[in-house]
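Reproduced below: upload-v4.cif, with mmCIF, C-alpha atoms.
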```cif
data_protein
#
loop_
_atom_site.label_atom_id
_atom_site.label_comp_id
_atom_site.auth_asym_id
_atom_site.auth_seq_id
_atom_site.Cartn_x
_atom_site.Cartn_y
_atom_site.Cartn_z
CA MET X 9 158.89 -96.70 45.36
CA MET X 10 158.30 -99.94 47.25
CA PHE X 11 160.53 -98.90 50.11
CA GLY X 12 158.87 -95.49 50.28
CA THR X 13 155.43 -97.07 50.55
CA LEU X 14 156.67 -99.61 53.10
CA SER X 15 158.32 -96.89 55.19
CA ARG X 16 155.10 -94.90 55.30
CA TYR X 17 153.21 -98.02 56.33
CA PHE X 18 155.64 -98.77 59.18
CA PHE X 19 155.64 -95.12 60.20
CA ARG X 20 151.83 -95.03 60.39
CA ARG X 21 151.84 -98.24 62.43
CA TYR X 22 154.33 -96.69 64.84
CA LEU X 23 152.32 -93.46 65.21
CA ALA X 24 149.02 -95.32 65.70
CA THR X 25 150.51 -97.60 68.36
CA THR X 26 152.12 -94.60 70.06
CA GLY X 27 148.76 -92.84 70.18
CA TRP X 28 147.08 -95.81 71.87
CA PHE X 29 149.89 -96.18 74.37
CA LEU X 30 149.73 -92.48 75.23
CA ILE X 31 145.98 -92.71 75.79
CA GLY X 32 146.41 -95.73 78.04
CA ALA X 33 149.31 -94.20 79.97
CA SER X 34 147.35 -90.97 80.43
CA ALA X 35 144.32 -92.81 81.78
CA ILE X 36 146.38 -94.88 84.23
CA ALA X 37 148.43 -91.87 85.35
CA PHE X 38 145.26 -89.81 85.88
CA LEU X 39 143.63 -92.46 88.06
CA LEU X 40 146.75 -93.09 90.13
CA ASP X 41 147.58 -89.42 90.64
CA PHE X 42 143.99 -88.51 91.51
CA SER X 43 143.91 -91.29 94.11
CA GLU X 44 147.23 -90.15 95.56
CA THR X 45 146.14 -86.49 95.56
CA ALA X 46 142.82 -87.31 97.24
CA GLY X 47 144.53 -89.39 99.93
CA ARG X 48 147.20 -86.79 100.61
CA MET X 49 145.13 -83.60 100.47
CA SER X 50 141.58 -84.54 101.35
CA GLY X 51 142.12 -83.17 104.84
CA LEU X 52 143.15 -79.71 103.65
CA PRO X 53 140.67 -76.88 104.28
CA GLY X 54 140.14 -75.93 100.63
CA TYR X 55 140.16 -79.38 99.03
CA THR X 56 137.22 -80.48 96.86
CA ILE X 57 136.76 -83.44 94.53
CA GLY X 58 136.40 -81.10 91.57
CA GLY X 59 139.54 -79.30 92.58
CA GLY X 60 141.37 -82.63 92.86
CA ILE X 61 140.32 -83.55 89.32
CA VAL X 62 141.52 -80.18 88.01
CA MET X 63 144.82 -80.47 89.87
CA THR X 64 145.42 -83.96 88.47
CA ALA X 65 144.56 -82.74 84.99
CA VAL X 66 147.14 -79.93 85.08
CA ARG X 67 149.76 -82.28 86.54
CA LEU X 68 149.12 -84.93 83.90
CA PRO X 69 151.52 -83.50 81.25
CA LEU X 70 154.42 -83.63 83.75
CA ILE X 71 153.63 -87.23 84.68
CA LEU X 72 153.22 -88.17 81.03
CA GLN X 73 156.54 -86.53 80.18
CA GLN X 74 158.27 -88.80 82.69
CA THR X 75 156.71 -91.93 81.13
CA ILE X 76 157.58 -91.08 77.50
CA PRO X 77 160.85 -93.12 77.47
CA PHE X 78 158.92 -96.24 78.54
CA VAL X 79 156.23 -95.47 75.98
CA ALA X 80 158.90 -95.41 73.26
CA LEU X 81 160.32 -98.72 74.52
CA PHE X 82 157.00 -100.56 74.67
CA VAL X 83 155.76 -99.08 71.38
CA GLY X 84 158.90 -100.27 69.58
CA MET X 85 158.61 -103.77 71.06
CA THR X 86 154.87 -104.01 70.37
CA VAL X 87 155.09 -102.90 66.74
CA LEU X 88 158.12 -105.04 65.86
CA ILE X 89 156.76 -108.18 67.56
CA GLY X 90 153.41 -107.65 65.82
CA LEU X 91 155.08 -107.31 62.42
CA ASN X 92 157.14 -110.43 63.07
CA ARG X 93 154.15 -112.52 64.07
CA LYS X 94 152.35 -111.52 60.88
CA TYR X 95 155.49 -112.36 58.86
CA GLU X 96 155.57 -108.82 57.49
CA LEU X 97 159.21 -108.41 58.49
CA VAL X 98 160.02 -111.78 56.93
CA VAL X 99 158.60 -110.59 53.61
CA THR X 100 160.44 -107.28 54.00
CA ARG X 101 163.75 -109.10 54.48
CA ALA X 102 162.99 -111.39 51.54
CA ALA X 103 162.60 -108.29 49.37
CA GLY X 104 166.23 -107.42 50.12
CA ILE X 105 165.58 -104.61 52.61
CA SER X 106 168.09 -104.57 55.43
CA VAL X 107 167.31 -104.07 59.09
CA TRP X 108 168.77 -100.56 58.96
CA GLN X 109 166.40 -99.61 56.16
CA PHE X 110 163.14 -100.88 57.68
CA MET X 111 164.15 -99.59 61.12
CA PHE X 112 164.38 -96.04 59.76
CA PRO X 113 160.60 -95.31 60.12
CA PHE X 114 160.68 -96.40 63.75
CA ILE X 115 163.76 -94.30 64.51
CA ALA X 116 162.14 -91.34 62.74
CA GLY X 117 158.96 -91.87 64.75
CA SER X 118 160.86 -91.89 68.04
CA LEU X 119 162.68 -88.72 67.00
CA VAL X 120 159.37 -87.01 66.23
CA LEU X 121 157.98 -88.15 69.58
CA GLY X 122 161.07 -86.81 71.34
CA VAL X 123 160.93 -83.44 69.59
CA LEU X 124 157.24 -83.06 70.43
CA THR X 125 157.95 -84.00 74.06
CA THR X 126 160.62 -81.33 74.33
CA THR X 127 158.95 -78.51 72.41
CA ALA X 128 155.25 -79.06 73.17
CA LEU X 129 154.70 -81.36 76.15
CA ASN X 130 157.43 -79.88 78.35
CA PRO X 131 156.19 -76.24 78.25
CA LEU X 132 152.69 -77.53 79.02
CA ALA X 133 154.07 -79.67 81.87
CA ALA X 134 155.97 -76.70 83.32
CA TRP X 135 152.85 -74.54 83.24
CA GLY X 136 150.77 -77.31 84.79
CA GLN X 137 153.27 -77.82 87.61
CA ARG X 138 153.17 -74.11 88.46
CA GLN X 139 149.38 -74.18 88.53
CA ALA X 140 149.35 -77.31 90.70
CA LEU X 141 151.65 -75.69 93.27
CA LEU X 142 149.44 -72.61 93.27
CA VAL X 143 146.29 -74.67 93.85
CA GLU X 144 147.94 -76.67 96.64
CA SER X 145 149.08 -73.54 98.45
CA ASP X 146 145.54 -72.12 98.20
CA TRP X 147 144.14 -75.31 99.68
CA ARG X 148 146.55 -75.23 102.60
CA GLY X 149 145.64 -71.67 103.50
CA GLU X 150 147.05 -70.82 106.90
CA ASN X 151 146.71 -74.29 108.37
CA ALA X 152 150.02 -74.83 110.17
CA VAL X 153 149.23 -78.32 111.37
CA LEU X 154 149.38 -79.86 107.92
CA ARG X 155 152.69 -78.38 106.83
CA LYS X 156 155.32 -80.51 105.20
CA ALA X 157 159.08 -80.05 105.21
CA PRO X 158 160.23 -77.14 103.07
CA GLN X 159 160.73 -78.02 99.44
CA ILE X 160 162.58 -74.89 98.33
CA PRO X 161 166.08 -73.49 98.95
CA TRP X 162 166.70 -71.15 101.85
CA LEU X 163 167.64 -67.54 101.16
CA ARG X 164 170.07 -65.46 103.17
CA GLN X 165 169.96 -61.68 103.22
CA ILE X 166 172.33 -59.33 105.02
CA SER X 167 171.03 -55.79 105.21
CA GLY X 168 173.04 -53.57 107.50
CA ARG X 169 173.34 -55.39 110.82
CA ASP X 170 170.35 -57.61 110.08
CA ASP X 171 171.32 -61.17 109.08
CA VAL X 172 168.24 -63.21 108.11
CA ILE X 173 167.70 -66.69 106.66
CA ILE X 174 164.38 -67.10 104.83
CA GLY X 175 162.56 -70.30 103.96
CA ALA X 176 159.00 -71.26 103.03
CA GLN X 177 156.63 -74.11 102.38
CA THR X 178 155.56 -73.00 98.89
CA VAL X 179 156.41 -70.26 96.44
CA GLN X 180 154.10 -68.35 94.12
CA GLU X 181 154.43 -65.64 91.50
CA ASN X 182 157.79 -66.91 90.26
CA GLY X 183 159.32 -66.91 93.71
CA THR X 184 158.36 -63.44 94.91
CA LYS X 185 155.53 -64.63 97.16
CA LEU X 186 156.23 -67.14 99.92
CA ILE X 187 153.58 -69.23 101.65
CA ASP X 188 154.14 -70.33 105.28
CA ALA X 189 157.40 -68.38 105.39
CA VAL X 190 159.99 -68.74 108.15
CA LEU X 191 162.48 -65.94 108.84
CA ILE X 192 165.30 -66.53 111.34
CA HIS X 193 167.30 -63.49 112.52
CA PHE X 194 170.87 -63.69 113.84
CA ASP X 195 173.04 -61.23 115.70
CA SER X 196 176.67 -60.43 114.89
CA SER X 197 177.90 -63.41 116.91
CA GLY X 198 175.65 -65.87 115.05
CA ARG X 199 173.05 -66.40 117.80
CA VAL X 200 169.34 -66.58 117.00
CA ILE X 201 167.61 -63.48 118.28
CA LEU X 202 164.25 -63.66 116.53
CA ARG X 203 162.09 -66.07 114.55
CA GLN X 204 159.18 -64.86 112.44
CA ASP X 205 156.56 -67.26 111.06
CA ALA X 206 154.40 -65.59 108.43
CA ALA X 207 151.38 -66.91 106.56
CA THR X 208 152.61 -65.03 103.47
CA ALA X 209 155.70 -63.00 102.61
CA LYS X 210 155.55 -60.80 99.50
CA LEU X 211 158.72 -59.26 98.10
CA GLU X 212 158.10 -55.60 97.34
CA ASP X 213 160.52 -52.88 96.28
CA GLY X 214 163.07 -52.81 99.10
CA TYR X 215 161.14 -54.78 101.72
CA TRP X 216 159.29 -58.00 102.54
CA GLN X 217 155.60 -57.56 103.35
CA LEU X 218 154.80 -60.17 106.00
CA ASN X 219 151.19 -61.03 106.84
CA GLY X 220 149.86 -63.16 109.69
CA VAL X 221 153.11 -63.02 111.63
CA VAL X 222 154.07 -64.82 114.84
CA GLU X 223 157.31 -63.49 116.39
CA ARG X 224 159.31 -65.55 118.87
CA LYS X 225 162.31 -64.31 120.85
CA PRO X 226 164.36 -66.46 123.24
CA GLY X 227 162.83 -66.39 126.70
CA GLU X 228 159.78 -64.32 125.67
CA ILE X 229 156.12 -65.06 124.95
CA PRO X 230 155.27 -65.34 121.20
CA LEU X 231 153.78 -62.15 119.79
CA ARG X 232 151.20 -62.10 116.99
CA LYS X 233 151.08 -59.28 114.46
CA ALA X 234 148.78 -58.72 111.50
CA SER X 235 151.56 -57.42 109.26
CA VAL X 236 155.26 -56.56 109.41
CA GLN X 237 157.61 -54.93 106.93
CA LEU X 238 161.17 -56.25 106.82
CA ARG X 239 163.80 -54.27 104.96
CA THR X 240 165.71 -56.18 102.28
CA ASN X 241 168.31 -55.58 99.61
CA LEU X 242 167.20 -58.60 97.57
CA LYS X 243 165.92 -57.91 94.07
CA GLN X 244 162.89 -59.61 92.60
CA ASP X 245 164.83 -60.99 89.62
CA PHE X 246 167.39 -62.55 91.97
CA VAL X 247 164.73 -64.20 94.13
CA GLN X 248 162.90 -65.51 91.06
CA GLU X 249 166.05 -67.19 89.75
CA ARG X 250 166.97 -68.53 93.18
CA LEU X 251 163.63 -70.08 94.10
CA THR X 252 162.11 -71.23 90.81
CA ALA X 253 162.41 -75.01 90.34
CA PRO X 254 163.75 -76.17 86.93
CA GLU X 255 160.69 -78.40 86.43
CA THR X 256 158.45 -75.32 86.41
CA ILE X 257 160.41 -73.61 83.61
CA GLY X 258 159.51 -74.43 80.01
CA PHE X 259 162.12 -75.49 77.47
CA PHE X 260 162.03 -72.23 75.53
CA ASP X 261 162.58 -70.17 78.71
CA LEU X 262 165.47 -72.17 80.10
CA SER X 263 168.27 -70.52 78.12
CA ASN X 264 167.15 -67.05 79.24
CA ARG X 265 166.86 -68.22 82.86
CA ILE X 266 170.36 -69.70 82.72
CA ALA X 267 171.78 -66.41 81.45
CA ALA X 268 169.89 -64.47 84.13
CA ALA X 269 171.05 -66.80 86.91
CA LYS X 270 174.67 -66.46 85.78
CA SER X 271 174.38 -62.68 85.88
CA PHE X 272 173.41 -62.92 89.58
CA GLY X 273 176.17 -65.39 90.38
CA ILE X 274 173.67 -68.17 91.11
CA SER X 275 174.61 -71.77 90.33
CA THR X 276 173.08 -72.88 87.03
CA LYS X 277 173.92 -76.59 87.29
CA ALA X 278 170.30 -77.67 87.79
CA LEU X 279 169.02 -75.44 84.99
CA GLU X 280 171.75 -76.54 82.58
CA THR X 281 171.10 -80.19 83.41
CA GLN X 282 167.39 -79.73 82.75
CA PHE X 283 168.10 -77.95 79.46
CA ASN X 284 170.51 -80.62 78.21
CA SER X 285 168.18 -83.37 79.38
CA LEU X 286 165.39 -81.95 77.24
CA LEU X 287 167.75 -81.51 74.29
CA SER X 288 168.82 -85.15 74.52
CA GLN X 289 165.26 -86.46 74.88
CA PRO X 290 164.83 -87.35 71.16
CA LEU X 291 168.06 -89.38 71.18
CA LEU X 292 167.02 -91.08 74.42
CA LEU X 293 163.87 -92.30 72.68
CA VAL X 294 165.96 -93.49 69.72
CA ALA X 295 168.08 -95.47 72.19
CA MET X 296 164.92 -97.00 73.65
CA THR X 297 163.77 -97.96 70.14
CA LEU X 298 167.12 -99.62 69.38
CA ILE X 299 166.90 -101.56 72.65
CA ALA X 300 163.40 -102.69 71.64
CA ALA X 301 164.73 -103.83 68.25
CA THR X 302 167.52 -105.92 69.77
CA VAL X 303 164.99 -108.15 71.59
CA SER X 304 162.09 -108.06 69.13
CA LEU X 305 163.37 -108.59 65.60
CA LYS X 306 164.20 -112.29 65.96
CA PHE X 307 161.49 -113.18 68.45
CA SER X 308 159.19 -115.13 66.10
CA ARG X 309 161.73 -116.56 63.71
CA PHE X 310 163.94 -118.18 66.35
CA ASN X 311 161.25 -118.79 68.97
CA GLN X 312 163.18 -117.00 71.67
CA SER X 313 161.87 -117.24 75.21
CA ARG X 314 159.94 -114.54 76.98
CA SER X 315 162.99 -113.94 79.13
CA VAL X 316 164.53 -112.11 76.13
CA ILE X 317 161.61 -109.69 76.05
CA LEU X 318 161.87 -109.27 79.82
CA GLY X 319 165.56 -108.56 79.33
CA GLY X 320 164.69 -105.77 76.89
CA ILE X 321 162.28 -104.24 79.40
CA LEU X 322 164.88 -104.43 82.16
CA SER X 323 167.51 -102.91 79.87
CA GLY X 324 165.24 -99.97 79.07
CA PHE X 325 164.42 -99.57 82.75
CA MET X 326 168.11 -99.58 83.68
CA LEU X 327 168.84 -96.96 81.03
CA TYR X 328 166.09 -94.75 82.45
CA VAL X 329 167.34 -95.20 86.02
CA ILE X 330 170.90 -94.39 84.99
CA THR X 331 169.82 -91.22 83.15
CA VAL X 332 167.80 -90.04 86.18
CA LEU X 333 170.64 -90.86 88.59
CA VAL X 334 173.32 -89.15 86.51
CA LYS X 335 170.97 -86.19 85.98
CA ALA X 336 170.82 -85.80 89.76
CA PHE X 337 174.62 -85.77 89.83
CA GLY X 338 174.60 -83.08 87.16
CA SER X 339 172.10 -80.94 89.04
CA SER X 340 174.22 -81.09 92.18
CA GLY X 341 177.41 -80.21 90.30
CA VAL X 342 179.16 -83.55 90.89
CA VAL X 343 179.24 -84.19 87.13
CA PRO X 344 179.20 -81.51 84.39
CA PRO X 345 175.60 -81.10 83.12
CA PHE X 346 176.52 -81.83 79.50
CA VAL X 347 178.29 -85.06 80.43
CA ALA X 348 175.53 -86.10 82.84
CA THR X 349 172.79 -85.88 80.22
CA TRP X 350 174.45 -86.82 76.94
CA ILE X 351 176.93 -89.59 77.79
CA PRO X 352 174.35 -92.21 78.98
CA VAL X 353 172.21 -91.57 75.90
CA VAL X 354 175.10 -91.79 73.44
CA VAL X 355 176.47 -94.94 75.09
CA ALA X 356 173.02 -96.59 75.02
CA MET X 357 172.60 -95.76 71.33
CA ALA X 358 176.06 -97.14 70.54
CA LEU X 359 175.35 -100.35 72.46
CA GLY X 360 172.00 -100.83 70.75
CA ALA X 361 173.51 -100.30 67.31
CA THR X 362 176.40 -102.65 68.13
CA ILE X 363 174.05 -105.43 69.24
CA LEU X 364 171.97 -105.04 66.07
CA LEU X 365 175.13 -105.16 63.95
CA HIS X 366 176.17 -108.37 65.68
CA GLN X 367 172.71 -109.92 65.30
CA GLU X 368 172.05 -108.94 61.70
CA ASP X 369 175.46 -108.61 60.08
CA GLY X 370 177.52 -111.00 62.18
#
```
As a first step, turn the structure in this file into C-alpha cells.
Amino acid sequence: MMFGTLSRYFFRRYLATTGWFLIGASAIAFLLDFSETAGRMSGLPGYTIGGGIVMTAVRLPLILQQTIPFVALFVGMTVLIGLNRKYELVVTRAAGISVWQFMFPFIAGSLVLGVLTTTALNPLAAWGQRQALLVESDWRGENAVLRKAPQIPWLRQISGRDDVIIGAQTVQENGTKLIDAVLIHFDSSGRVILRQDAATAKLEDGYWQLNGVVERKPGEIPLRKASVQLRTNLKQDFVQERLTAPETIGFFDLSNRIAAAKSFGISTKALETQFNSLLSQPLLLVAMTLIAATVSLKFSRFNQSRSVILGGILSGFMLYVITVLVKAFGSSGVVPPFVATWIPVVVAMALGATILLHQEDG
C-alpha cells in the first residue's frame, strides 16, 4: 500500500513538472518562431502580423514535438534533484525501496508522454505543417523575386516524345497543385528545347493545367501565356506519394502511405524511417529519463559537482543528435530504417540501465 501511494505521488510530481516544462517550452518556441517568421516573411505581399501569429500557432505542435526528448530529460533531472534535496528519496531508500522500484513512476510517465507525442501531438503537428505551407504559398503569391530554392523532389514524366522534368517552390492539395512550378522539356538527344515557368500547375485527369506561364526557348524571346495545358500520364495518387513530405503525414496515415508508395514503386525509406521514429519515441523518452537518473540520484547525498549535471545534459544532447543523424541516414537509404531508428534508442536504454546498476548495485 505504501509503495502504491508513493508511486502515485512520484507520478503526479512527474506529470505536474512535465506540464510546466511544456508550457514554458511552448511560450519560448512561440516567441522565437514568430520572430523568425516575421523577419523572414515580412516582405511578402500577403504577410500580416495576425497571419504571422496564426502561422506560428499552427507550426507550434511540430516545434514542440522536436523538443519533447529534451523536455523528458530536464523533467527527469528536475524532479529527481528536487526529491533528493528534500530528502524524500533518502526516506524512500530507508524504507527498503530500491531504485528500480521508485524509478518506475518516472519511466511510466515518460512512456505516457511518448505515447501521447506519437498518437496525439504528431497528427496535430502534421496538420499544422500542411497549413503553414499553404499559408506561406498564399503569402508569396506570384512574386518571383522572393523565391527560395526548391524544397521538393523533381518529377520526370515521359509522354510520347515529350520528356519533361517538373519542379516547384511549394506544393498544395497533397502534391497535386504546384506553386511557382518549373517545367523543363528535352528532345530525344537530351537537349533543352523549352522551359516553362508557371505561377501554378494543377494536375487534372490526363494533363497539367498551367496558369501564368512564361515560356522560354533557346535563342527566342520569352513568351507569356495566361494558361497552358500539358499532357501527362502521371496519376494523382502517384504524384501525392512522390511529393508529400513525411513530416506532413500523421502517424495513423503513415502505414497506408507506405503501402501506396510501394505499389507505385516509389522509395519508402523516408516514410518508413518516420514511422519507426514515431514508434520508438516512447522508448527514446525512457532513455532520456534513465540518463537523467544516472546524474541526479546521488547529487545531494555525495555533493557531486555541477559538472555531473552538465554531463547528463550533454549526454542527452548527444543521444538526440545521434538519433537525428542516423534518422537522416535511414531516410536516404544508407541504413535500414528499422536499424536507424531503433538501435540508438535501445543502446541508450541499455547504457543508462547499466550505469544505474553499477551505481546502485555495484
Segment 102-107 of chain X: which residues within 9 Å, counting all atoms listed in the file, same-chain residues fewer than 2 positions away excluded, as an MDAnalysis selection string? chainID X and resid 11 97:100 109:112 305 364 368
What does the PyMOL selection byres ((chain X and resi 276-287) around 8) select in this file, as a ChimeraX atom specification? /X:126,254-255,259,262-263,265-266,269-270,274-275,288-290,335,338-341,344-346,348-350
Need to verify the contact set: Ser118 of chain X, 9 Å, all atoms listed in the file, exclusion of same-chain residues closer than 2 positions in sequence. Can you return it as a list in words?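 These residues fall inside the cut-off: Tyr22, Ala80, Gly84, Pro113, Phe114, Ile115, Ala116, Val120, Leu121, Gly122, Val123, Pro290, Leu291, Leu292, Leu293, Val294, Met296 and Thr297 of chain X.
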May I have the selected residues written with C-alpha atoms, as an mmCIF file, keeping the file's coordinate frame?
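Result went into result21.cif, see below:
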```
data_model
loop_
_atom_site.group_PDB
_atom_site.id
_atom_site.type_symbol
_atom_site.label_atom_id
_atom_site.label_comp_id
_atom_site.auth_asym_id
_atom_site.auth_seq_id
_atom_site.Cartn_x
_atom_site.Cartn_y
_atom_site.Cartn_z
ATOM 1 C CA TYR X 22 154.330 -96.690 64.840
ATOM 2 C CA ALA X 80 158.900 -95.410 73.260
ATOM 3 C CA GLY X 84 158.900 -100.270 69.580
ATOM 4 C CA PRO X 113 160.600 -95.310 60.120
ATOM 5 C CA PHE X 114 160.680 -96.400 63.750
ATOM 6 C CA ILE X 115 163.760 -94.300 64.510
ATOM 7 C CA ALA X 116 162.140 -91.340 62.740
ATOM 8 C CA VAL X 120 159.370 -87.010 66.230
ATOM 9 C CA LEU X 121 157.980 -88.150 69.580
ATOM 10 C CA GLY X 122 161.070 -86.810 71.340
ATOM 11 C CA VAL X 123 160.930 -83.440 69.590
ATOM 12 C CA PRO X 290 164.830 -87.350 71.160
ATOM 13 C CA LEU X 291 168.060 -89.380 71.180
ATOM 14 C CA LEU X 292 167.020 -91.080 74.420
ATOM 15 C CA LEU X 293 163.870 -92.300 72.680
ATOM 16 C CA VAL X 294 165.960 -93.490 69.720
ATOM 17 C CA MET X 296 164.920 -97.000 73.650
ATOM 18 C CA THR X 297 163.770 -97.960 70.140
#
```
Could you check the closest approach to Ile321 of chain X for each of X:Ala300, X:Leu132, X:Leu218, X:Val334 and tell me which residue wins, using all atoms listed in the file? X:Ala300
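Here, the PyMOL selection byres ((chain X and resi 237) around 12) matches X:Gln204, X:Ala206, X:Thr208, X:Ala209, X:Lys210, X:Leu211, X:Glu212, X:Asp213, X:Gly214, X:Tyr215, X:Trp216, X:Gln217, X:Leu218, X:Asn219, X:Gly220, X:Val221, X:Lys233, X:Ala234, X:Ser235, X:Val236, X:Leu238, X:Arg239, X:Thr240.
For the structure in this document, the set picked by the PyMOL selection byres ((chain X and resi 51-64) around 8) is Phe38, Asp41, Phe42, Thr45, Ala46, Arg48, Met49, Ser50, Ala65, Val66, Arg67, Leu68, Gln139, Ala140, Val143, Asp146, Trp147, Arg148, Gly149, Asn151 and Leu154 of chain X.
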What is the atom CA of Gly198 of chain X-atom CA of Phe246 of chain X distance in Å, reported with one decimal?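 One can read the atom CA of Gly198 of chain X to atom CA of Phe246 of chain X distance as 24.7 Å.
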Which residue, X:Ser197, X:Asn241, X:Gln367, X:Ser145, has the smallest gap to Ala176 of chain X when you use all atoms listed in the file?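 With all atoms listed in the file as the atom set, the closest residue is X:Ser145.
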I want to know what sits within 7 Å of segment 222-227 of chain X, based on all atoms listed in the file, with residues of the same chain fewer than 3 positions away left out; could you give that as a list in words?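 In the requested format, the answer is Ile201, Leu202, Arg203, Gln204, Asp205, Ala206, Pro230, Leu231, Arg232 and Lys233 of chain X.
One finds atom CA of Gln74 of chain X at 14.4 Å from atom CA of Leu40 of chain X.
The residue that comes closest to Thr302 of chain X, out of X:Ile76, X:Leu23, X:Ile187, X:Leu365 and on the basis of all atoms listed in the file, is X:Leu365.
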Please, what distance in Å, to one decimal, runs between atom CA of His193 of chain X and atom CA of Val179 of chain X? 20.6 Å
Which residue out of X:Asp195, X:Glu44, X:Asp188, X:Glu96 has the minimum interatomic distance to Arg169 of chain X when all atoms listed in the file are used?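 Among the listed residues, X:Asp195 lies closest to Arg169 of chain X.
If you measure from each of X:Pro77, X:Arg20, X:Leu322, X:Gly47 to Ala33 of chain X using all atoms listed in the file, the closest one turns out to be X:Pro77.
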